[in-house]
Amino acid sequence: MDKRCVERSKTEEQTLKATVRQIGQVSVLDLSGRITIGEGDLVLREAVTELLDGGNMSILLNLKSVKYMDSAGIGELVACYKKAKEKKGSVKLLNPGGKVYDLLVLTKLEEVFETFREESEALASF
Amino acid sequence: MDKRCVERSKTEEQTLKATVRQIGQVSVLDLSGRITIGEGDLVLREAVTELLDGGNMSILLNLKSVKYMDSAGIGELVACYKKAKEKKGSVKLLNPGGKVYDLLVLTKLEEVFETFREESEALASF
Amino acid sequence: MDLPRTVTLVMTSHLPLVDVAHSAAERMGEFADLEEDEALNLALAVREAVINAVLHGNRNDPDRKVRVDIRCSERTVRATVRDEGSGFSPEETPDPTAEENLMRSSGRGILMMRAFVDDVRFRRTSRGMEVTLIKNRPALARTGSADGQALR
Amino acid sequence: MDLPRTVTLVMTSHLPLVDVAHSAAERMGEFADLEEDEALNLALAVREAVINAVLHGNRNDPDRKVRVDIRCSERTVRATVRDEGSGFSPEETPDPTAEENLMRSSGRGILMMRAFVDDVRFRRTSRGMEVTLIKNRPALARTGSADGQALR
Ligand SMILES: Nc1ncnc2c1ncn2[C@@H]1O[C@H](COP(=O)(O)OP(=O)(O)O)[C@@H](O)[C@H]1O
Ligand SMILES: Nc1ncnc2c1ncn2[C@@H]1O[C@H](COP(=O)(O)OP(=O)(O)O)[C@@H](O)[C@H]1O
């Protein structure tokens with residue numbers, strides 16, 4: 001995937017930004033923007049794949065600043081979850097905002113994902 | 001003009017916000033957003049009219065956070081200038097950003113408006 | 001009152017253009033006096049329908065078009081998305097919230113459309129699939145107060 | 001490469017809908033690999049042309065339509081704005097930068113269009129006015145590197 005294109009193709013506020021904070025064994029991926037088809041989903045995939053390939057198996061996705069997702073975005077969340085599981089790692093969620101949380105409930109994926117409100121709790125759970 | 005409509009009709013980032021700071025005799029109108037037809041231009045008109053009607057004749061428009069204007073927006077700037085002049089007041093400009101500044105040059109209105117980079121200088125000029 | 005207002009959008013089957021339809025729907029939602037969040041919901045439903053039209057309906061064929069008609073009337077704002085594909089039967093699509101489908105990475109678009117607007121209608125025509133997404137306008141907007149905005 | 005990409009937009013003559021055209025043009029500009037600022041310039045030029053089409057061309061008549069065709073080709077992205085009015089002669093419009101016009105509160109739209117895009121063409125047809133706004137795509141986008149983005 002050509003990252004340049006993904007990043008250039010959207011106005012600033014909309015592109016998904018993903019930055020990693022390593023806290024002990026846990027990689028916290030702070031996401032901000034929207035997770036949508038052909039852009040945010042690719043950014044997320046790349047970031048998680050990179051972490052897993054680098055041997056980081058405990059991944060916490062901080063969704064606090066994710067404004068919304070489309071079906072491709074939520075599909076990518078599931079894909080990341082599965083990819084981690086295959087490698088005996090895990091992907092958990094931190095602070096999904098109103099719109100994202102509603103979507104997790106709608107799709108019944110809140111039953112699948114371990115979801116936390118407090119980062120400290122989330123970190124302790126791995 | 002129905003202000004509620006103007007404010008509701010656009011997403012948050014885009015609506016022009018206008019707030020007044022009174023510094024001595026000068027009313028500094030901090031503007032942020034875009035000045036476009038049917039919304040920002042109306043917000044600007046209302047704010048300046050209110051100031052003039054309230055006897056505030058020295059108005060400094062802080063354009064620093066104005067992202068762009070269309071022809072109606074720049075037309076409204078001129079209308080405000082004239083309205084102030086009629087009442088023996090004045091409208092001056094502070095810190096027009098790249099896009100807005102280019103437009104002032106293009107339209108030759110930088111020759112009409114007194115424009116400042118420093119707020120202190122602008123304040124002293126009235 | 002100065003209705004209906006309509007916007008018609010015809011686009012080639014390129015996925016990135018879905019954002020054009022998304023923005024158009026969001027703005028029409030705002031002009032229809034939907035709350036900001038509800039305008040976004042309309043846009044998200046349109047987004048899902050257009051993605052399906054491009055990918056499943058037109059199968060990314062750049063010669064086939066997607067057409068979106070958005071209309072703001074007195075009581076509703078509605079978007080109709082048409083593709084030039086062979087159509088499908090929505091009732092035959094698997095339930096993405098069923099246990100055995102939860103871990104699939106796709107199949108949630110129709111579920112989302114239904115959640116985001118008040119009514120979703122599917123119709124198979126001789127030319128392709130037709131999906132209509134309907135959102136009710138708030139009562140407030142339908143009384144006098146919206147008049148001022150109709151022609152600004 | 002997967003071109004042209006086109007979006008056609010047909011809207012009723014309601015001024016607030018100008019934002020739909022603005023967004024569509026901005027996104028097409030981005031997809032055409034214009035710099036963010038240049039995509040905004042394209043959108044601003046389209047905005048001026050659509051405002052004129054609604055106000056001067058169609059005179060706010062809700063039964064008359066404004067049509068915007070935006071096309072991204074190999075070398076250019078171009079938008080054509082058509083109204084159903086009686087047209088005008090651009091060379092006869094007063095120069096807004098002339099001393100005697102500086103204090104007018106309107107009359108700067110065409111000047112802005114010309115500044116924001118690489119070429120502006122006016123044509124009077126039997127159905128109304130037709131304004132074409134052309135922006136050259138950056139050379140980079142036309143070579144191989146843009147391919148990846150064409151179909152994402
Ligand atoms: N416009 C369409 N044309 C043909 N088939 C469609 C169309 N829209 C949806 N479908 C079918 O319905 C299925 C479910 O769609 P959806 O719920 O949006 O999930 P997804 O698109 O992620 O598979 C699709 O996989 C496809 O088989
Ligand atoms: N589509 C159009 N149909 C008819 N007349 C137009 C059209 N576009 C522009 N004009 C004429 O050209 C003049 C100049 O247009 P413009 O530079 O955009 O400034 P403004 O719209 O602010 O007057 C308008 O006042 C109008 O008389």
# chains A, B, ... in the order shown; residues from 1 in each chain; ligands from 1
$ residues_near_ligand --ligand "ligand 1" --cutoff "8 Å" --atoms "only C-alpha atoms and all ligand atoms" --output "MDAnalysis selection string"
(chainID A and resid 71:72 75) or (chainID C and resid 48:58 82:83 85:90 93:94 96 105:112 128:131)
$ write_last_selection --atoms "N, CA, C and O atoms" --output "CSV table (one decimal), in the first residue's frame"
chain,number,residue,atom,x,y,z
A,71,SER,N,-18.4,0.8,7.6
A,71,SER,CA,-18.3,-0.6,7.8
A,71,SER,C,-17.0,-1.2,7.5
A,71,SER,O,-16.6,-2.2,8.1
A,72,ALA,N,-16.2,-0.5,6.6
A,72,ALA,CA,-14.9,-1.0,6.4
A,72,ALA,C,-14.0,-0.8,7.6
A,72,ALA,O,-13.1,-1.6,7.9
A,75,GLY,N,-14.8,-3.3,10.1
A,75,GLY,CA,-14.3,-4.5,9.6
A,75,GLY,C,-12.8,-4.7,9.9
A,75,GLY,O,-12.3,-5.7,10.2
C,48,GLU,N,-22.4,4.0,3.0
C,48,GLU,CA,-22.5,2.6,2.9
C,48,GLU,C,-23.2,2.2,1.6
C,48,GLU,O,-22.8,1.2,0.9
C,49,ALA,N,-24.3,2.9,1.2
C,49,ALA,CA,-25.0,2.5,0.0
C,49,ALA,C,-24.1,2.8,-1.2
C,49,ALA,O,-24.2,2.0,-2.2
C,50,VAL,N,-23.4,3.8,-1.2
C,50,VAL,CA,-22.5,4.2,-2.4
C,50,VAL,C,-21.4,3.2,-2.5
C,50,VAL,O,-21.0,2.7,-3.5
C,51,ILE,N,-20.8,2.8,-1.3
C,51,ILE,CA,-19.7,1.8,-1.3
C,51,ILE,C,-20.2,0.5,-2.0
C,51,ILE,O,-19.6,-0.1,-2.9
C,52,ASN,N,-21.4,0.1,-1.6
C,52,ASN,CA,-22.0,-1.1,-2.1
C,52,ASN,C,-22.3,-1.0,-3.6
C,52,ASN,O,-22.0,-1.9,-4.4
C,53,ALA,N,-22.7,0.2,-4.0
C,53,ALA,CA,-23.0,0.4,-5.4
C,53,ALA,C,-21.8,0.3,-6.3
C,53,ALA,O,-21.8,-0.3,-7.3
C,54,VAL,N,-20.7,0.9,-5.7
C,54,VAL,CA,-19.4,0.9,-6.5
C,54,VAL,C,-18.8,-0.6,-6.5
C,54,VAL,O,-18.5,-1.1,-7.6
C,55,LEU,N,-18.8,-1.2,-5.3
C,55,LEU,CA,-18.1,-2.5,-5.2
C,55,LEU,C,-18.9,-3.6,-5.7
C,55,LEU,O,-18.5,-4.4,-6.5
C,56,HIS,N,-20.1,-3.8,-5.1
C,56,HIS,CA,-20.9,-5.0,-5.4
C,56,HIS,C,-21.8,-4.7,-6.7
C,56,HIS,O,-21.9,-5.6,-7.5
C,57,GLY,N,-22.4,-3.6,-6.8
C,57,GLY,CA,-23.2,-3.3,-7.9
C,57,GLY,C,-22.4,-3.2,-9.2
C,57,GLY,O,-22.5,-4.0,-10.1
C,58,ASN,N,-21.6,-2.1,-9.3
C,58,ASN,CA,-20.9,-1.8,-10.5
C,58,ASN,C,-19.5,-2.5,-10.6
C,58,ASN,O,-18.8,-2.4,-11.6
C,82,ARG,N,-28.4,4.6,-6.8
C,82,ARG,CA,-28.7,3.6,-7.9
C,82,ARG,C,-27.4,3.2,-8.5
C,82,ARG,O,-26.5,4.0,-8.8
C,83,ASP,N,-27.3,1.9,-8.8
C,83,ASP,CA,-26.1,1.4,-9.5
C,83,ASP,C,-26.6,0.7,-10.8
C,83,ASP,O,-27.8,0.7,-11.1
C,85,GLY,N,-25.8,-2.5,-11.6
C,85,GLY,CA,-25.4,-3.9,-11.4
C,85,GLY,C,-26.6,-4.8,-11.5
C,85,GLY,O,-27.7,-4.4,-11.9
C,86,SER,N,-26.4,-6.1,-11.1
C,86,SER,CA,-27.5,-7.0,-11.3
C,86,SER,C,-28.4,-7.2,-10.1
C,86,SER,O,-29.3,-8.0,-10.0
C,87,GLY,N,-28.1,-6.4,-9.0
C,87,GLY,CA,-29.0,-6.4,-7.9
C,87,GLY,C,-28.8,-7.5,-6.9
C,87,GLY,O,-27.9,-8.4,-7.2
C,88,PHE,N,-29.5,-7.5,-5.9
C,88,PHE,CA,-29.4,-8.6,-4.9
C,88,PHE,C,-30.7,-8.6,-4.0
C,88,PHE,O,-31.5,-7.6,-4.1
C,89,SER,N,-30.8,-9.6,-3.2
C,89,SER,CA,-32.0,-9.7,-2.3
C,89,SER,C,-31.5,-9.4,-0.9
C,89,SER,O,-30.9,-10.3,-0.3
C,90,PRO,N,-31.8,-8.3,-0.3
C,90,PRO,CA,-31.3,-7.9,1.0
C,90,PRO,C,-31.7,-9.0,2.1
C,90,PRO,O,-30.9,-9.2,3.0
C,93,THR,N,-29.1,-11.7,2.7
C,93,THR,CA,-27.8,-11.4,3.2
C,93,THR,C,-27.7,-11.9,4.7
C,93,THR,O,-28.7,-11.8,5.4
C,94,PRO,N,-26.5,-12.5,5.0
C,94,PRO,CA,-26.4,-13.0,6.4
C,94,PRO,C,-26.5,-12.0,7.4
C,94,PRO,O,-26.0,-10.8,7.2
C,96,PRO,N,-25.1,-10.1,10.3
C,96,PRO,CA,-23.7,-9.9,10.8
C,96,PRO,C,-23.6,-10.0,12.3
C,96,PRO,O,-22.5,-10.1,12.8
C,105,SER,N,-14.9,-9.8,8.6
C,105,SER,CA,-14.4,-8.4,8.4
C,105,SER,C,-15.3,-7.6,7.5
C,105,SER,O,-15.0,-6.5,7.2
C,106,SER,N,-16.4,-8.2,7.0
C,106,SER,CA,-17.3,-7.4,6.2
C,106,SER,C,-18.8,-7.8,6.5
C,106,SER,O,-19.0,-8.7,7.4
C,107,GLY,N,-19.7,-7.2,5.8
C,107,GLY,CA,-21.1,-7.6,5.9
C,107,GLY,C,-21.9,-6.8,6.9
C,107,GLY,O,-23.0,-7.2,7.3
C,108,ARG,N,-21.5,-5.6,7.2
C,108,ARG,CA,-22.2,-4.8,8.2
C,108,ARG,C,-22.8,-3.6,7.6
C,108,ARG,O,-23.5,-2.8,8.3
C,109,GLY,N,-22.7,-3.4,6.3
C,109,GLY,CA,-23.2,-2.1,5.7
C,109,GLY,C,-24.7,-1.9,5.8
C,109,GLY,O,-25.1,-0.8,6.2
C,110,ILE,N,-25.4,-2.9,5.5
C,110,ILE,CA,-26.9,-2.8,5.5
C,110,ILE,C,-27.4,-2.6,6.9
C,110,ILE,O,-28.3,-1.8,7.2
C,111,LEU,N,-26.8,-3.3,7.8
C,111,LEU,CA,-27.1,-3.1,9.3
C,111,LEU,C,-26.9,-1.7,9.6
C,111,LEU,O,-27.8,-1.1,10.3
C,112,MET,N,-25.8,-1.1,9.2
C,112,MET,CA,-25.6,0.3,9.6
C,112,MET,C,-26.5,1.2,8.9
C,112,MET,O,-27.0,2.2,9.5
C,128,GLY,N,-30.7,-1.7,-12.4
C,128,GLY,CA,-29.8,-2.0,-11.4
C,128,GLY,C,-30.5,-1.9,-10.0
C,128,GLY,O,-31.7,-1.9,-9.9
C,129,MET,N,-29.7,-1.8,-9.0
C,129,MET,CA,-30.2,-1.8,-7.6
C,129,MET,C,-30.5,-0.3,-7.3
C,129,MET,O,-29.9,0.6,-7.7
C,130,GLU,N,-31.5,-0.2,-6.4
C,130,GLU,CA,-32.0,1.2,-6.0
C,130,GLU,C,-32.2,1.1,-4.5
C,130,GLU,O,-33.0,0.3,-4.0
C,131,VAL,N,-31.4,1.9,-3.8
C,131,VAL,CA,-31.5,1.9,-2.3
C,131,VAL,C,-32.0,3.3,-1.9
C,131,VAL,O,-31.4,4.3,-2.2
$ select_by_dssp --residues "chain B" --states "helix (DSSP H, G or I)" --output "MDAnalysis selection string"
chainID B and resid 3:8 40:53 71:86 98:106 109:111 119:125
$ residues_around --residues "stretch 115-118 of chain D" --least-positions-apart "2" --cutoff "12 Å" --atoms "only C-alpha atoms" --output "VMD selection string"
(chain B and resid 70 99 102 to 103 105 to 107) or (chain D and resid 29 34 37 to 49 76 to 79 108 to 113 120 to 121 132 to 137)
$ residues_around --residues "D:Leu9" --least-positions-apart "3" --cutoff "10 Å" --atoms "only C-alpha atoms" --output "list in words"
Val7, Thr8, Leu9, Val10, Met11, Ala24, Arg67, Val68 and Asp69 of chain C; Thr6, Val20, Ala21, Ala24, Lys65, Val66, Arg67, Val68, Asp69, Ile70 and Val81 of chain D
$ select_by_dssp --residues "stretch 17-147 of chain D" --states "strand (DSSP E or B)" --output "ChimeraX atom specification"
/D:65-72,76-82,119-124,129-136
$ interface_residues --of "chain B" --to "chain D" --cutoff "12 Å" --atoms "only C-alpha atoms" --output "JSON, numbers by chain"
{"B": [5, 6, 9, 10, 11, 14, 34, 35, 36, 37, 38, 39, 41, 67, 68, 69, 70, 71, 72, 73, 74, 75, 76, 77, 78, 79, 80, 81, 82, 83, 85, 98, 99, 100, 102, 103, 104, 105, 106, 107, 108, 109, 110, 111, 112, 113]}
$ residues_around --residues "stretch 46-59 of chain B" --least-positions-apart "5" --cutoff "9 Å" --atoms "only C-alpha atoms" --output "mmCIF file with N, CA, C and O atoms, in the first residue's frame"
data_model
loop_
_atom_site.group_PDB
_atom_site.id
_atom_site.type_symbol
_atom_site.label_atom_id
_atom_site.label_comp_id
_atom_site.auth_asym_id
_atom_site.auth_seq_id
_atom_site.Cartn_x
_atom_site.Cartn_y
_atom_site.Cartn_z
ATOM 1 N N MET B 1 -32.537 38.934 9.982
ATOM 2 C CA MET B 1 -31.842 37.671 9.733
ATOM 3 C C MET B 1 -31.972 36.743 10.934
ATOM 4 O O MET B 1 -31.845 37.163 12.071
ATOM 5 N N ALA B 18 -17.550 35.021 15.896
ATOM 6 C CA ALA B 18 -17.117 36.404 16.100
ATOM 7 C C ALA B 18 -17.246 36.742 17.578
ATOM 8 O O ALA B 18 -18.323 36.631 18.141
ATOM 9 N N THR B 19 -16.126 37.102 18.208
ATOM 10 C CA THR B 19 -16.190 37.511 19.605
ATOM 11 C C THR B 19 -15.476 38.853 19.757
ATOM 12 O O THR B 19 -14.486 39.116 19.085
ATOM 13 N N VAL B 20 -16.021 39.664 20.641
ATOM 14 C CA VAL B 20 -15.502 41.023 20.803
ATOM 15 C C VAL B 20 -14.646 41.125 22.057
ATOM 16 O O VAL B 20 -15.001 40.593 23.108
ATOM 17 N N GLN B 25 -10.714 52.222 23.769
ATOM 18 C CA GLN B 25 -11.811 52.641 22.878
ATOM 19 C C GLN B 25 -11.978 51.703 21.683
ATOM 20 O O GLN B 25 -12.917 51.857 20.900
ATOM 21 N N VAL B 26 -11.049 50.769 21.544
ATOM 22 C CA VAL B 26 -11.082 49.921 20.351
ATOM 23 C C VAL B 26 -11.813 48.597 20.602
ATOM 24 O O VAL B 26 -11.573 47.920 21.602
ATOM 25 N N SER B 27 -12.713 48.232 19.678
ATOM 26 C CA SER B 27 -13.367 46.927 19.739
ATOM 27 C C SER B 27 -12.623 45.986 18.799
ATOM 28 O O SER B 27 -12.618 46.190 17.586
ATOM 29 N N VAL B 28 -11.990 44.985 19.391
ATOM 30 C CA VAL B 28 -11.309 43.994 18.566
ATOM 31 C C VAL B 28 -12.283 42.848 18.326
ATOM 32 O O VAL B 28 -12.779 42.224 19.266
ATOM 33 N N LEU B 29 -12.577 42.584 17.058
ATOM 34 C CA LEU B 29 -13.496 41.500 16.718
ATOM 35 C C LEU B 29 -12.651 40.310 16.250
ATOM 36 O O LEU B 29 -12.069 40.339 15.166
ATOM 37 N N ASP B 41 -20.728 35.967 6.064
ATOM 38 C CA ASP B 41 -20.924 37.388 5.751
ATOM 39 C C ASP B 41 -22.010 37.995 6.639
ATOM 40 O O ASP B 41 -21.902 39.125 7.103
ATOM 41 N N CYS B 80 -18.696 46.838 5.508
ATOM 42 C CA CYS B 80 -18.447 47.222 6.897
ATOM 43 C C CYS B 80 -17.588 48.488 6.949
ATOM 44 O O CYS B 80 -17.841 49.401 7.735
ATOM 45 N N LYS B 83 -19.781 51.403 6.069
ATOM 46 C CA LYS B 83 -20.767 51.694 7.103
ATOM 47 C C LYS B 83 -20.099 52.448 8.261
ATOM 48 O O LYS B 83 -20.662 53.388 8.815
ATOM 49 N N ALA B 84 -18.892 52.013 8.607
ATOM 50 C CA ALA B 84 -18.171 52.677 9.695
ATOM 51 C C ALA B 84 -17.820 54.110 9.298
ATOM 52 O O ALA B 84 -17.993 55.048 10.072
ATOM 53 N N LYS B 85 -17.342 54.250 8.065
ATOM 54 C CA LYS B 85 -16.922 55.560 7.591
ATOM 55 C C LYS B 85 -18.073 56.575 7.614
ATOM 56 O O LYS B 85 -17.896 57.716 8.042
ATOM 57 N N LYS B 87 -20.377 56.714 9.577
ATOM 58 C CA LYS B 87 -20.623 57.142 10.961
ATOM 59 C C LYS B 87 -19.381 57.772 11.571
ATOM 60 O O LYS B 87 -19.254 57.857 12.786
ATOM 61 N N LYS B 88 -18.428 58.104 10.725
ATOM 62 C CA LYS B 88 -17.162 58.689 11.183
ATOM 63 C C LYS B 88 -16.355 57.734 12.066
ATOM 64 O O LYS B 88 -15.560 58.164 12.905
ATOM 65 N N GLY B 89 -16.590 56.470 11.874
ATOM 66 C CA GLY B 89 -15.793 55.478 12.588
ATOM 67 C C GLY B 89 -14.789 54.869 11.633
ATOM 68 O O GLY B 89 -14.615 55.335 10.501
ATOM 69 N N SER B 90 -14.078 53.812 12.081
ATOM 70 C CA SER B 90 -13.183 53.144 11.140
ATOM 71 C C SER B 90 -13.055 51.652 11.425
ATOM 72 O O SER B 90 -13.171 51.204 12.555
ATOM 73 N N VAL B 91 -12.840 50.924 10.340
ATOM 74 C CA VAL B 91 -12.621 49.479 10.411
ATOM 75 C C VAL B 91 -11.224 49.211 9.874
ATOM 76 O O VAL B 91 -10.892 49.619 8.758
ATOM 77 N N LYS B 92 -10.386 48.583 10.688
ATOM 78 C CA LYS B 92 -9.047 48.228 10.236
ATOM 79 C C LYS B 92 -8.846 46.726 10.369
ATOM 80 O O LYS B 92 -9.645 46.046 11.011
ATOM 81 N N LEU B 93 -7.775 46.217 9.764
ATOM 82 C CA LEU B 93 -7.576 44.767 9.729
ATOM 83 C C LEU B 93 -6.318 44.347 10.470
ATOM 84 O O LEU B 93 -5.280 45.018 10.391
ATOM 85 N N PHE B 126 -5.523 53.950 16.223
ATOM 86 C CA PHE B 126 -6.874 54.551 16.174
ATOM 87 C C PHE B 126 -6.899 55.963 16.789
ATOM 88 O O PHE B 126 -6.087 56.269 17.651
#
